[in-house]
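Q: Handing over query_38.cif, mmCIF, N, CA and C atoms.
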data_protein
#
loop_
_atom_site.group_PDB
_atom_site.id
_atom_site.type_symbol
_atom_site.label_atom_id
_atom_site.label_comp_id
_atom_site.auth_asym_id
_atom_site.auth_seq_id
_atom_site.Cartn_x
_atom_site.Cartn_y
_atom_site.Cartn_z
ATOM 1 N N MET A 1 46.741 -97.526 170.179
ATOM 2 C CA MET A 1 47.245 -96.499 171.071
ATOM 3 C C MET A 1 47.591 -97.158 172.402
ATOM 4 N N ALA A 2 48.745 -96.840 172.945
ATOM 5 C CA ALA A 2 49.204 -97.425 174.207
ATOM 6 C C ALA A 2 48.563 -96.712 175.384
ATOM 7 N N ASP A 3 48.415 -97.446 176.472
ATOM 8 C CA ASP A 3 47.865 -96.869 177.704
ATOM 9 C C ASP A 3 48.862 -95.859 178.244
ATOM 10 N N ALA A 4 48.444 -94.660 178.604
ATOM 11 C CA ALA A 4 49.331 -93.590 179.058
ATOM 12 C C ALA A 4 50.031 -93.948 180.362
ATOM 13 N N ALA A 5 49.408 -94.796 181.195
ATOM 14 C CA ALA A 5 50.001 -95.155 182.478
ATOM 15 C C ALA A 5 50.948 -96.335 182.350
ATOM 16 N N GLY A 6 51.008 -96.954 181.210
ATOM 17 C CA GLY A 6 51.894 -98.096 180.996
ATOM 18 C C GLY A 6 51.098 -99.377 180.916
ATOM 19 N N PRO A 7 51.717 -100.413 180.348
ATOM 20 C CA PRO A 7 50.988 -101.664 180.123
ATOM 21 C C PRO A 7 50.648 -102.403 181.404
ATOM 22 N N GLY A 8 51.401 -102.228 182.488
ATOM 23 C CA GLY A 8 51.129 -102.965 183.713
ATOM 24 C C GLY A 8 50.275 -102.214 184.714
ATOM 25 N N ALA A 9 49.895 -100.981 184.402
ATOM 26 C CA ALA A 9 49.132 -100.158 185.352
ATOM 27 C C ALA A 9 47.687 -100.641 185.438
ATOM 28 N N PRO A 10 47.109 -100.615 186.641
ATOM 29 C CA PRO A 10 45.703 -101.029 186.769
ATOM 30 C C PRO A 10 44.784 -100.044 186.056
ATOM 31 N N ARG A 11 43.741 -100.568 185.520
ATOM 32 C CA ARG A 11 42.766 -99.717 184.829
ATOM 33 C C ARG A 11 41.760 -99.174 185.830
ATOM 34 N N ARG A 12 41.354 -97.955 185.613
ATOM 35 C CA ARG A 12 40.329 -97.342 186.466
ATOM 36 C C ARG A 12 38.960 -97.802 186.020
ATOM 37 N N ARG A 13 38.122 -98.045 186.990
ATOM 38 C CA ARG A 13 36.739 -98.416 186.691
ATOM 39 C C ARG A 13 35.881 -97.171 186.659
ATOM 40 N N ARG A 14 34.899 -97.212 185.838
ATOM 41 C CA ARG A 14 33.935 -96.102 185.796
ATOM 42 C C ARG A 14 33.000 -96.216 186.980
ATOM 43 N N ARG A 15 32.689 -95.088 187.549
ATOM 44 C CA ARG A 15 31.701 -95.061 188.628
ATOM 45 C C ARG A 15 30.320 -95.224 188.030
ATOM 46 N N ALA A 16 29.474 -95.894 188.771
ATOM 47 C CA ALA A 16 28.079 -95.988 188.335
ATOM 48 C C ALA A 16 27.480 -94.593 188.356
ATOM 49 N N SER A 17 26.739 -94.269 187.327
ATOM 50 C CA SER A 17 26.164 -92.926 187.277
ATOM 51 C C SER A 17 25.101 -92.785 188.365
ATOM 52 N N ALA A 18 25.089 -91.623 188.956
ATOM 53 C CA ALA A 18 24.109 -91.330 190.012
ATOM 54 C C ALA A 18 22.728 -91.196 189.382
ATOM 55 N N PRO A 19 21.701 -91.608 190.095
ATOM 56 C CA PRO A 19 20.345 -91.453 189.541
ATOM 57 C C PRO A 19 20.012 -89.981 189.377
ATOM 58 N N ASP A 20 19.210 -89.691 188.381
ATOM 59 C CA ASP A 20 18.793 -88.311 188.153
ATOM 60 C C ASP A 20 17.877 -87.867 189.281
ATOM 61 N N VAL A 21 18.319 -86.864 190.015
ATOM 62 C CA VAL A 21 17.540 -86.305 191.110
ATOM 63 C C VAL A 21 17.215 -84.877 190.716
ATOM 64 N N PRO A 22 15.943 -84.528 190.711
ATOM 65 C CA PRO A 22 15.616 -83.149 190.346
ATOM 66 C C PRO A 22 16.162 -82.188 191.392
ATOM 67 N N LEU A 23 17.029 -81.325 190.956
ATOM 68 C CA LEU A 23 17.629 -80.345 191.857
ATOM 69 C C LEU A 23 16.831 -79.052 191.808
ATOM 70 N N GLY A 24 16.724 -78.407 192.934
ATOM 71 C CA GLY A 24 16.073 -77.115 192.978
ATOM 72 C C GLY A 24 17.056 -76.030 192.579
ATOM 73 N N SER A 25 16.587 -74.847 192.433
ATOM 74 C CA SER A 25 17.447 -73.710 192.148
ATOM 75 C C SER A 25 16.839 -72.491 192.827
ATOM 76 N N LEU A 26 17.520 -71.381 192.713
ATOM 77 C CA LEU A 26 16.995 -70.156 193.314
ATOM 78 C C LEU A 26 15.689 -69.726 192.667
ATOM 79 N N SER A 27 15.529 -70.008 191.384
ATOM 80 C CA SER A 27 14.312 -69.579 190.704
ATOM 81 C C SER A 27 13.297 -70.698 190.532
ATOM 82 N N GLN A 28 13.708 -71.966 190.719
ATOM 83 C CA GLN A 28 12.788 -73.087 190.580
ATOM 84 C C GLN A 28 13.011 -74.081 191.713
ATOM 85 N N PRO A 29 12.494 -73.789 192.899
ATOM 86 C CA PRO A 29 12.699 -74.687 194.027
ATOM 87 C C PRO A 29 11.983 -76.012 193.831
ATOM 88 N N ARG A 30 12.480 -77.066 194.500
ATOM 89 C CA ARG A 30 11.854 -78.393 194.403
ATOM 90 C C ARG A 30 10.511 -78.446 195.114
ATOM 91 N N VAL A 31 10.377 -77.718 196.174
ATOM 92 C CA VAL A 31 9.138 -77.703 196.945
ATOM 93 C C VAL A 31 8.556 -76.297 196.905
ATOM 94 N N ALA A 32 7.305 -76.198 197.268
ATOM 95 C CA ALA A 32 6.667 -74.881 197.288
ATOM 96 C C ALA A 32 7.423 -73.962 198.241
ATOM 97 N N ALA A 33 7.858 -72.856 197.724
ATOM 98 C CA ALA A 33 8.625 -71.903 198.521
ATOM 99 C C ALA A 33 7.688 -70.929 199.204
ATOM 100 N N PRO A 34 8.090 -70.426 200.364
ATOM 101 C CA PRO A 34 7.251 -69.458 201.066
ATOM 102 C C PRO A 34 7.227 -68.112 200.359
ATOM 103 N N GLY A 35 6.288 -67.298 200.758
ATOM 104 C CA GLY A 35 6.173 -65.966 200.187
ATOM 105 C C GLY A 35 5.211 -65.937 199.016
ATOM 106 N N PRO A 36 5.048 -64.771 198.409
ATOM 107 C CA PRO A 36 4.121 -64.623 197.288
ATOM 108 C C PRO A 36 4.515 -65.521 196.111
ATOM 109 N N ALA A 37 3.528 -66.043 195.395
ATOM 110 C CA ALA A 37 3.782 -66.900 194.237
ATOM 111 C C ALA A 37 4.157 -66.078 193.007
ATOM 112 N N THR A 38 3.741 -64.817 192.982
ATOM 113 C CA THR A 38 4.043 -63.940 191.850
ATOM 114 C C THR A 38 4.541 -62.593 192.365
ATOM 115 N N CYS A 39 5.145 -61.826 191.490
ATOM 116 C CA CYS A 39 5.660 -60.499 191.854
ATOM 117 C C CYS A 39 4.499 -59.579 192.220
ATOM 118 N N PRO A 40 4.594 -58.883 193.346
ATOM 119 C CA PRO A 40 3.525 -57.960 193.740
ATOM 120 C C PRO A 40 3.333 -56.795 192.765
ATOM 121 N N ASP A 41 4.369 -56.452 191.977
ATOM 122 C CA ASP A 41 4.250 -55.330 191.040
ATOM 123 C C ASP A 41 3.754 -55.743 189.663
ATOM 124 N N CYS A 42 4.408 -56.745 189.046
ATOM 125 C CA CYS A 42 4.090 -57.072 187.652
ATOM 126 C C CYS A 42 3.403 -58.423 187.477
ATOM 127 N N ALA A 43 3.205 -59.178 188.555
ATOM 128 C CA ALA A 43 2.535 -60.486 188.552
ATOM 129 C C ALA A 43 3.328 -61.583 187.847
ATOM 130 N N SER A 44 4.606 -61.367 187.587
ATOM 131 C CA SER A 44 5.446 -62.400 186.975
ATOM 132 C C SER A 44 5.717 -63.510 187.986
ATOM 133 N N ALA A 45 5.775 -64.741 187.511
ATOM 134 C CA ALA A 45 6.113 -65.877 188.373
ATOM 135 C C ALA A 45 7.598 -66.204 188.289
ATOM 136 N N SER A 46 8.355 -65.424 187.537
ATOM 137 C CA SER A 46 9.789 -65.642 187.372
ATOM 138 C C SER A 46 10.541 -64.914 188.493
ATOM 139 N N LEU A 47 10.681 -65.607 189.629
ATOM 140 C CA LEU A 47 11.245 -64.993 190.828
ATOM 141 C C LEU A 47 12.439 -65.791 191.340
ATOM 142 N N THR A 48 13.409 -65.099 191.891
ATOM 143 C CA THR A 48 14.475 -65.726 192.649
ATOM 144 C C THR A 48 14.072 -65.646 194.105
ATOM 145 N N ARG A 49 14.212 -66.767 194.841
ATOM 146 C CA ARG A 49 13.806 -66.827 196.241
ATOM 147 C C ARG A 49 14.975 -67.268 197.098
ATOM 148 N N LEU A 50 15.212 -66.564 198.178
ATOM 149 C CA LEU A 50 16.230 -66.934 199.154
ATOM 150 C C LEU A 50 15.579 -66.982 200.526
ATOM 151 N N SER A 51 15.537 -68.170 201.118
ATOM 152 C CA SER A 51 14.994 -68.286 202.473
ATOM 153 C C SER A 51 16.047 -67.849 203.470
ATOM 154 N N VAL A 52 15.630 -67.051 204.448
ATOM 155 C CA VAL A 52 16.565 -66.471 205.403
ATOM 156 C C VAL A 52 16.000 -66.605 206.808
ATOM 157 N N THR A 53 16.850 -67.011 207.720
ATOM 158 C CA THR A 53 16.508 -66.974 209.133
ATOM 159 C C THR A 53 17.585 -66.132 209.797
ATOM 160 N N GLY A 54 17.317 -64.863 209.932
ATOM 161 C CA GLY A 54 18.297 -63.949 210.516
ATOM 162 C C GLY A 54 18.022 -63.750 211.990
ATOM 163 N N SER A 55 18.325 -62.576 212.473
ATOM 164 C CA SER A 55 18.094 -62.283 213.884
ATOM 165 C C SER A 55 16.637 -61.924 214.150
ATOM 166 N N GLY A 56 15.857 -61.771 213.079
ATOM 167 C CA GLY A 56 14.450 -61.430 213.233
ATOM 168 C C GLY A 56 13.561 -62.621 212.939
ATOM 169 N N VAL A 57 12.590 -62.425 212.063
ATOM 170 C CA VAL A 57 11.619 -63.467 211.735
ATOM 171 C C VAL A 57 12.091 -64.284 210.535
ATOM 172 N N PRO A 58 11.681 -65.568 210.431
ATOM 173 C CA PRO A 58 11.993 -66.348 209.225
ATOM 174 C C PRO A 58 11.354 -65.665 208.017
ATOM 175 N N ALA A 59 12.130 -65.487 206.964
ATOM 176 C CA ALA A 59 11.649 -64.720 205.819
ATOM 177 C C ALA A 59 12.194 -65.284 204.520
ATOM 178 N N VAL A 60 11.676 -64.741 203.436
ATOM 179 C CA VAL A 60 12.161 -65.065 202.101
ATOM 180 C C VAL A 60 12.417 -63.751 201.379
ATOM 181 N N PHE A 61 13.565 -63.689 200.695
ATOM 182 C CA PHE A 61 13.896 -62.529 199.878
ATOM 183 C C PHE A 61 13.497 -62.869 198.455
ATOM 184 N N LEU A 62 12.684 -62.023 197.830
ATOM 185 C CA LEU A 62 12.250 -62.242 196.454
ATOM 186 C C LEU A 62 12.847 -61.179 195.554
ATOM 187 N N SER A 63 13.261 -61.609 194.374
ATOM 188 C CA SER A 63 13.726 -60.701 193.345
ATOM 189 C C SER A 63 13.072 -61.108 192.037
ATOM 190 N N CYS A 64 12.385 -60.176 191.379
ATOM 191 C CA CYS A 64 11.670 -60.452 190.143
ATOM 192 C C CYS A 64 12.615 -60.355 188.949
ATOM 193 N N HIS A 65 12.591 -61.341 188.078
ATOM 194 C CA HIS A 65 13.438 -61.340 186.891
ATOM 195 C C HIS A 65 12.936 -60.357 185.846
ATOM 196 N N ASP A 66 11.638 -60.050 185.856
ATOM 197 C CA ASP A 66 11.065 -59.194 184.823
ATOM 198 C C ASP A 66 11.147 -57.702 185.153
ATOM 199 N N CYS A 67 10.650 -57.303 186.317
ATOM 200 C CA CYS A 67 10.636 -55.868 186.645
ATOM 201 C C CYS A 67 11.733 -55.465 187.637
ATOM 202 N N GLU A 68 12.478 -56.458 188.147
ATOM 203 C CA GLU A 68 13.605 -56.248 189.065
ATOM 204 C C GLU A 68 13.208 -55.734 190.440
ATOM 205 N N ARG A 69 11.953 -55.855 190.800
ATOM 206 C CA ARG A 69 11.546 -55.518 192.168
ATOM 207 C C ARG A 69 12.143 -56.555 193.108
ATOM 208 N N SER A 70 12.513 -56.126 194.282
ATOM 209 C CA SER A 70 12.983 -57.062 195.295
ATOM 210 C C SER A 70 12.406 -56.651 196.636
ATOM 211 N N GLY A 71 12.304 -57.619 197.537
ATOM 212 C CA GLY A 71 11.768 -57.310 198.849
ATOM 213 C C GLY A 71 11.790 -58.519 199.754
ATOM 214 N N TRP A 72 11.483 -58.278 201.014
ATOM 215 C CA TRP A 72 11.452 -59.310 202.048
ATOM 216 C C TRP A 72 10.016 -59.627 202.395
ATOM 217 N N TYR A 73 9.725 -60.929 202.601
ATOM 218 C CA TYR A 73 8.375 -61.363 202.929
ATOM 219 C C TYR A 73 8.444 -62.417 204.026
ATOM 220 N N ALA A 74 7.438 -62.418 204.907
ATOM 221 C CA ALA A 74 7.386 -63.399 205.990
ATOM 222 C C ALA A 74 7.224 -64.796 205.395
ATOM 223 N N ALA A 75 7.983 -65.755 205.925
ATOM 224 C CA ALA A 75 7.946 -67.121 205.410
ATOM 225 C C ALA A 75 6.620 -67.808 205.685
ATOM 226 N N ASP A 76 5.951 -67.432 206.767
ATOM 227 C CA ASP A 76 4.720 -68.138 207.119
ATOM 228 C C ASP A 76 3.480 -67.631 206.385
ATOM 229 N N ASP A 77 3.319 -66.306 206.297
ATOM 230 C CA ASP A 77 2.081 -65.791 205.699
ATOM 231 C C ASP A 77 2.294 -64.872 204.494
ATOM 232 N N GLY A 78 3.537 -64.611 204.118
ATOM 233 C CA GLY A 78 3.816 -63.821 202.924
ATOM 234 C C GLY A 78 3.656 -62.324 203.053
ATOM 235 N N ARG A 79 3.445 -61.809 204.276
ATOM 236 C CA ARG A 79 3.292 -60.359 204.430
ATOM 237 C C ARG A 79 4.632 -59.665 204.172
ATOM 238 N N ALA A 80 4.582 -58.464 203.645
ATOM 239 C CA ALA A 80 5.792 -57.692 203.354
ATOM 240 C C ALA A 80 6.494 -57.299 204.652
ATOM 241 N N LEU A 81 7.815 -57.372 204.638
ATOM 242 C CA LEU A 81 8.622 -57.011 205.809
ATOM 243 C C LEU A 81 9.676 -55.994 205.407
ATOM 244 N N ASP A 82 10.139 -55.223 206.369
ATOM 245 C CA ASP A 82 11.268 -54.351 206.087
ATOM 246 C C ASP A 82 12.560 -55.096 206.434
ATOM 247 N N ARG A 83 13.650 -54.646 205.883
ATOM 248 C CA ARG A 83 14.940 -55.317 206.036
ATOM 249 C C ARG A 83 15.351 -55.438 207.489
ATOM 250 N N GLU A 84 15.104 -54.421 208.298
ATOM 251 C CA GLU A 84 15.510 -54.421 209.690
ATOM 252 C C GLU A 84 14.794 -55.515 210.489
ATOM 253 N N SER A 85 13.536 -55.778 210.169
ATOM 254 C CA SER A 85 12.799 -56.807 210.910
ATOM 255 C C SER A 85 13.314 -58.211 210.587
ATOM 256 N N VAL A 86 13.963 -58.383 209.452
ATOM 257 C CA VAL A 86 14.504 -59.677 209.054
ATOM 258 C C VAL A 86 15.940 -59.850 209.535
ATOM 259 N N LEU A 87 16.775 -58.850 209.257
ATOM 260 C CA LEU A 87 18.211 -58.951 209.537
ATOM 261 C C LEU A 87 18.630 -58.318 210.840
ATOM 262 N N GLY A 88 17.744 -57.570 211.471
ATOM 263 C CA GLY A 88 18.091 -56.867 212.688
ATOM 264 C C GLY A 88 18.530 -55.453 212.389
ATOM 265 N N SER A 89 18.539 -54.623 213.373
ATOM 266 C CA SER A 89 18.856 -53.204 213.162
ATOM 267 C C SER A 89 20.345 -52.932 213.056
ATOM 268 N N GLY A 90 21.183 -53.911 213.366
ATOM 269 C CA GLY A 90 22.635 -53.703 213.328
ATOM 270 C C GLY A 90 23.245 -53.844 211.945
ATOM 271 N N THR A 91 22.430 -54.083 210.907
ATOM 272 C CA THR A 91 22.988 -54.276 209.561
ATOM 273 C C THR A 91 22.744 -53.105 208.680
#
I need this file expressed as structure tokens, please.
A:
Amino acid sequence: MADAAGPGAPRRRRRASAPDVPLGSLSQPRVAAPGPATCPDCASASLTRLSVTGSGVPAVFLSCHDCERSGWYAADDGRALDRESVLGSGT
């Protein structure tokens, strides 16, 4: 089979593969995430976590994959917060 770019075209080199780095995700962060370790309603550990620093206090938004509960929690001590205290009253 002939080279598609022609016989005189330079060949591309393969890039060295990047080392495997464990990537975090919304449901499996690389480091311990703030907030409760399990769902306050059903005790499931299958949670999506979003860290947020809005106009209020640093917080984490949790959403449970099993019972679908969601809520805001303080990033430092895990206490429950209302949306206004995290995002401000203008939202």
Q: What's the separation between atom CA of Gly78 of chain A and atom CA of Thr38 of chain A, in Å to one decimal place?
A: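 Computed distance, atom CA of Gly78 of chain A to atom CA of Thr38 of chain A, equals 11.1 Å.
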Q: So which residues get picked by the PyMOL selection byres ((chain A and resi 54-71) around 7) here, written as a compact mmCIF listing (two decimals) with N, CA and C atoms, keeping the file's coordinate frame?
A:
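New file part_22.txt:
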# COMPACT_ATOMS: atom_id res chain seq x y z
N PRO A 34 8.09 -70.43 200.36
CA PRO A 34 7.25 -69.46 201.07
C PRO A 34 7.23 -68.11 200.36
N GLY A 35 6.29 -67.30 200.76
CA GLY A 35 6.17 -65.97 200.19
C GLY A 35 5.21 -65.94 199.02
N CYS A 39 5.14 -61.83 191.49
CA CYS A 39 5.66 -60.50 191.85
C CYS A 39 4.50 -59.58 192.22
N CYS A 42 4.41 -56.74 189.05
CA CYS A 42 4.09 -57.07 187.65
C CYS A 42 3.40 -58.42 187.48
N SER A 44 4.61 -61.37 187.59
CA SER A 44 5.45 -62.40 186.98
C SER A 44 5.72 -63.51 187.99
N ALA A 45 5.78 -64.74 187.51
CA ALA A 45 6.11 -65.88 188.37
C ALA A 45 7.60 -66.20 188.29
N SER A 46 8.36 -65.42 187.54
CA SER A 46 9.79 -65.64 187.37
C SER A 46 10.54 -64.91 188.49
N LEU A 47 10.68 -65.61 189.63
CA LEU A 47 11.24 -64.99 190.83
C LEU A 47 12.44 -65.79 191.34
N THR A 48 13.41 -65.10 191.89
CA THR A 48 14.48 -65.73 192.65
C THR A 48 14.07 -65.65 194.10
N ARG A 49 14.21 -66.77 194.84
CA ARG A 49 13.81 -66.83 196.24
C ARG A 49 14.98 -67.27 197.10
N LEU A 50 15.21 -66.56 198.18
CA LEU A 50 16.23 -66.93 199.15
C LEU A 50 15.58 -66.98 200.53
N SER A 51 15.54 -68.17 201.12
CA SER A 51 14.99 -68.29 202.47
C SER A 51 16.05 -67.85 203.47
N VAL A 52 15.63 -67.05 204.45
CA VAL A 52 16.57 -66.47 205.40
C VAL A 52 16.00 -66.60 206.81
N THR A 53 16.85 -67.01 207.72
CA THR A 53 16.51 -66.97 209.13
C THR A 53 17.58 -66.13 209.80
N TRP A 72 11.48 -58.28 201.01
CA TRP A 72 11.45 -59.31 202.05
C TRP A 72 10.02 -59.63 202.40
N TYR A 73 9.72 -60.93 202.60
CA TYR A 73 8.38 -61.36 202.93
C TYR A 73 8.44 -62.42 204.03
N ALA A 74 7.44 -62.42 204.91
CA ALA A 74 7.39 -63.40 205.99
C ALA A 74 7.22 -64.80 205.40
N ALA A 75 7.98 -65.76 205.92
CA ALA A 75 7.95 -67.12 205.41
C ALA A 75 6.62 -67.81 205.68
N ASP A 76 5.95 -67.43 206.77
CA ASP A 76 4.72 -68.14 207.12
C ASP A 76 3.48 -67.63 206.38
N LEU A 81 7.82 -57.37 204.64
CA LEU A 81 8.62 -57.01 205.81
C LEU A 81 9.68 -55.99 205.41
N GLU A 84 15.10 -54.42 208.30
CA GLU A 84 15.51 -54.42 209.69
C GLU A 84 14.79 -55.52 210.49
N SER A 85 13.54 -55.78 210.17
CA SER A 85 12.80 -56.81 210.91
C SER A 85 13.31 -58.21 210.59
N VAL A 86 13.96 -58.38 209.45
CA VAL A 86 14.50 -59.68 209.05
C VAL A 86 15.94 -59.85 209.54
N LEU A 87 16.77 -58.85 209.26
CA LEU A 87 18.21 -58.95 209.54
C LEU A 87 18.63 -58.32 210.84
N GLY A 88 17.74 -57.57 211.47
CA GLY A 88 18.09 -56.87 212.69
C GLY A 88 18.53 -55.45 212.39
Q: Record the distance separating atom C of Asp41 of chain A and atom CA of Arg83 of chain A, expressed in Å with one decimal.
A: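 If I compute the distance from atom C of Asp41 of chain A to atom CA of Arg83 of chain A, I get 19.8 Å.
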Q: Any idea what the distance is between atom CA of Arg79 of chain A and atom C of Ala43 of chain A?
A: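 We find that atom CA of Arg79 of chain A and atom C of Ala43 of chain A lie 16.6 Å from each other.
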Q: Under the rule that only C-alpha atoms are counted, which of A:Asp82, A:Asp77, A:Gly8, A:Arg13 is the nearest residue to Pro36 of chain A?
A: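 Once distances to Pro36 of chain A are computed over only C-alpha atoms, the minimum belongs to A:Asp77.
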